[in-house]
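Asks: Got a structure here, written out as structure tokens. Questions coming.
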Amino acid sequence: RQEQFRALRSVESLTRDGRHISLNMNAGLLVDLPQLAESGAQGIGLFRTELQFMIASTMPKLEEQEAFYRSVIKQAAGRPVTFRTLDIGGDKVVSYFRAQEEENPALGWRAIRLALDRPGLLRTQLRALLKASAGAELRMMIPMVTEVSEIRAVRDLLQKEVQYLSKFGHTLPRKLQFGAMLEVPALMWQLDELMAEVDFVSVGSNDLFQFSMAADRGNARVSERFDILGKPFLRMLRDIARAGERNRTLVTLCGEMAGKPLSAMALIGVGFRSVSMAATSIGPVKAMLLGLDAGQLEAEMNAALDDIRSHEPIRELLLKFAEAN
Ligand code: PEP
Ligand code: MG
């Protein structure tokens, strides 16, 4: 099967009824980069920058961050890389950056909350990203956004860094694509405002699911208790995809669910056209979608998601659909 997936590497990622689906991979270290060409991924949809911080024993300096991002961009050889700014806290522990003990770290002082309270840290990273992308396109996104004002605050800091660099004669990125991760349910009721502020939205389904179901992603007793392919979560995802269409904003998803063929199929059925996953999942997901009638699936899923009387699990419908295809 491995060989079979390898053969799909250069096959265009189209559903049977001709919809293009962008398949991207997740990464966080330089050792991940060779997989970009091996898997045939279109680009890196999620680059977890905190990995460099997590494996270091002291805080990486500006020069170290910049050199690291440069190597990533160089090895990506022209394929787009979406850098996520630091996502420290919660399940992502950085030993030399010890925040106070928290009773609920997942709901605590983490990611963009921490970065906005320590603007020096964030500005250093923004400067490193801008410098490393000189003359090229810089794609970046912000983790754990809760309110649109946080996006504006990061943009202000970014603007300051741009001004600083141009004042000192540095070459700036040719183009900037600025995105938000959708991981906190509060953003569900700010979708239009959010999409007016960003170039793209990337759903972090691991966190969005944990917060939507109030079920700790790291606690095996509850993390799989609720079905990620159940009505509530799929309706939520469909609302996000529809908001993307309405606002002409690119919507993508980079959580673990994108890498499972049945879940990836469900994502296409609720309107997603772009996903990012572990490199090893690209082959199996591509194999699935090449035979998929996306229009038919969408019609069946919409009917099921809108039917308030049916108690048939959507997972069953998806399994049947996959078998019949
Ligand atoms: C997510 O939450 O789905 C995500 C992609 O980010 P992480 O798994 O790094 O929290
Ligand atoms: Mg997350």
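Each chain in the structure tokens gets a letter, A, B, ..., in the order shown, and its residues are numbered from 1; ligands are numbered from 1 in order too.
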Per DSSP on the backbone, filter stretch 35-238 of chain A down to the residues in alpha helix (DSSP H) and report them as a PyMOL selection string.

Replies: chain A and resi 35-39+50-55+62-76+111-117+119-132+148-167+191-197+205-213+220-223+231-238

Asks: Pick out the residues no farther than 10 Å from ligand 2, counting only C-alpha atoms and all ligand atoms, and list them as an MDAnalysis selection string.

Replies: chainID A and resid 48 87 90:92 106 111 143:144 181:184 203:210 254:255

Asks: Considering only C-alpha atoms and all ligand atoms, can you say which of A:Glu161, A:Asp17, A:Glu103, A:Glu50 comes closest to ligand 1?

Replies: A:Glu50

Asks: From the set A:Ile21, A:Leu191, A:Val93, A:Ala241, which residue has the shortest atom-to-atom contact distance to ligand 1, counting only C-alpha atoms and all ligand atoms?

Replies: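 Ranked by minimum distance to ligand 1, first place goes to A:Val93.
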
Asks: I'd like the neighbourhood of stretch 63-66 of chain A as number ranges by chain, where a residue qualifies if any of its atoms comes within 7 Å (using only C-alpha atoms), though same-chain residues fewer than 2 positions away should be ignored.

Replies: A: 60-61, 68-70, 128-129, 131-132

Asks: One decimal, in Å: what's the spacing between atom CA of A:Ala304 and atom CA of A:Val251?

Replies: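 Separation between atom CA of A:Ala304 and atom CA of A:Val251: 22.7 Å.
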
Asks: Hey, what's within 12 Å of A:Ile240 if we count only C-alpha atoms and toss same-chain stuff fewer than 3 positions away? As a VMD selection string, please?

Replies: chain A and resid 181 to 183 185 187 to 192 194 to 195 200 to 203 205 208 233 to 237 243 to 253 267 270 to 272

Asks: Rank nothing, just name the residue among A:Glu256, A:Asp117, A:Asp306, A:Glu300 nearest to ligand 1, using only C-alpha atoms and all ligand atoms.

Replies: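 Ranking A:Glu256, A:Asp117, A:Asp306, A:Glu300 by distance to ligand 1, first place goes to A:Glu256.
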
Asks: When you look at A:Leu172 with a cut-off of 8 Å (counting only C-alpha atoms), what residues show up, excluding the ones that are within fewer than 6 positions of it in the same chain? I need them as a list in words.

Replies: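 Here the qualifying residues turn out to be Leu130, Lys131, Ser133, Ala134, Gly135, Val162, Leu165 and Ser166 of chain A.
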